[in-house]
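Notes follow once the structure below has been shown.
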Amino acid sequence: DENAVMNDTETRDRLLGERMVLALKFEELTKEWVMNAQLSEKAREICDRRNQCVADLAANYWELDPYVRARSLYDRLGYFRGADGVEWYPGKADEESLQEMMEKIRSIDSCGASHHEA
């Protein structure tokens, strides 16, 4: 059964608890970030911590996903690729360009700065 892992409520509940802690941390960091001058060094440091929290939330979701979302036709056909995004036309885009696109997306932080080298 492809959805058997959803019966593991203990793991699901642990991951949901971790997610709640991360969400509260993100909210507090956002408040702190907004209260500081956007161009200050302190704001940059807070923004970096906030961006790490965003990355932690994303990683937590993909760890949690099998416990809260039933597999679908899109999973079975290989369209959903977990943390690597969605590929609506499998085999049409080469793997390297797909990975490059995902890296560009991940490289733009919430402060609007791009850390991707063109």
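Just so we're on the same page: first chain in the structure tokens is A, next is B, and so on; residues restart at 1 for each chain, and ligands are numbered from 1 in the order they show up.
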If you count only C-alpha atoms, which residues fall within 10 Å of A:Asp84, apart from same-chain ones fewer than 6 positions away, as an MDAnalysis selection string?
chainID A and resid 62 98:99 102:103
Selected residues written out, C-alpha atoms, as a compact mmCIF listing (two decimals), in the first residue's frame:
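Output file part-v9.txt is given in full below:
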# COMPACT_ATOMS: atom_id res chain seq x y z
CA TRP A 62 9.17 17.17 2.57
CA LEU A 98 15.90 21.49 -14.18
CA GLN A 99 18.39 21.42 -11.29
CA MET A 102 15.65 25.03 -8.91
CA GLU A 103 19.00 26.38 -7.64
From the options A:Gln52, A:Asn60, A:Thr30, A:Ser107, which residue's atoms come nearest to A:Glu18, counting only C-alpha atoms?
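Closest candidate: A:Asn60.
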Quick one: everything within 12 Å of A:Arg50, counting only C-alpha atoms, minus sequence neighbours fewer than 5 positions away in the same chain. Send it as an NGL selection string.
:A and (22-34 or 43-45 or 55-57 or 109-111)
A:Pro66 surroundings by only C-alpha atoms, 9 Å radius, close-in-sequence under 4 positions cut, as a tab-separated table (two decimals) with C-alpha atoms, in the first residue's frame:
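Saved result, result-v7.tsv, follows:
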chain	number	residue	atom	x	y	z
A	3	ASN	CA	-0.01	5.20	1.64
A	5	VAL	CA	3.24	5.31	6.01
A	6	MET	CA	0.27	7.58	6.75
A	12	ARG	CA	3.50	12.46	11.84
A	62	TRP	CA	9.17	17.17	2.57
A	70	ALA	CA	-1.78	10.56	0.02
A	71	ARG	CA	0.14	9.63	-3.11
Give me every strand (DSSP E or B) residue in chain A, going by DSSP on the backbone, as an MDAnalysis selection string.
chainID A and resid 80 86 108 114
Apply DSSP to the structure's backbone, then extract all residues of chain A labelled alpha helix (DSSP H) and return them as a PyMOL selection string.
chain A and resi 9-35+41-68+73-76+95-107
So the first atom is atom CA of A:Glu96 and the second is atom CA of A:Ala58; what is the distance between them in Å, to one decimal place?
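Taking atom CA of A:Glu96 as the start and atom CA of A:Ala58 as the end point, the length is 21.9 Å.
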Could you pull the residues within 12 Å of A:Glu87, counting only C-alpha atoms, minus those fewer than 6 positions along the same chain, as a ChimeraX atom specification?
/A:74-75,77-81,93-95,97-99,101-102
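In this comparison, which uses only C-alpha atoms, the residue of A:Lys42, A:Pro90, A:Asp13, A:Gly85 approaching A:Ile105 most closely is A:Gly85.
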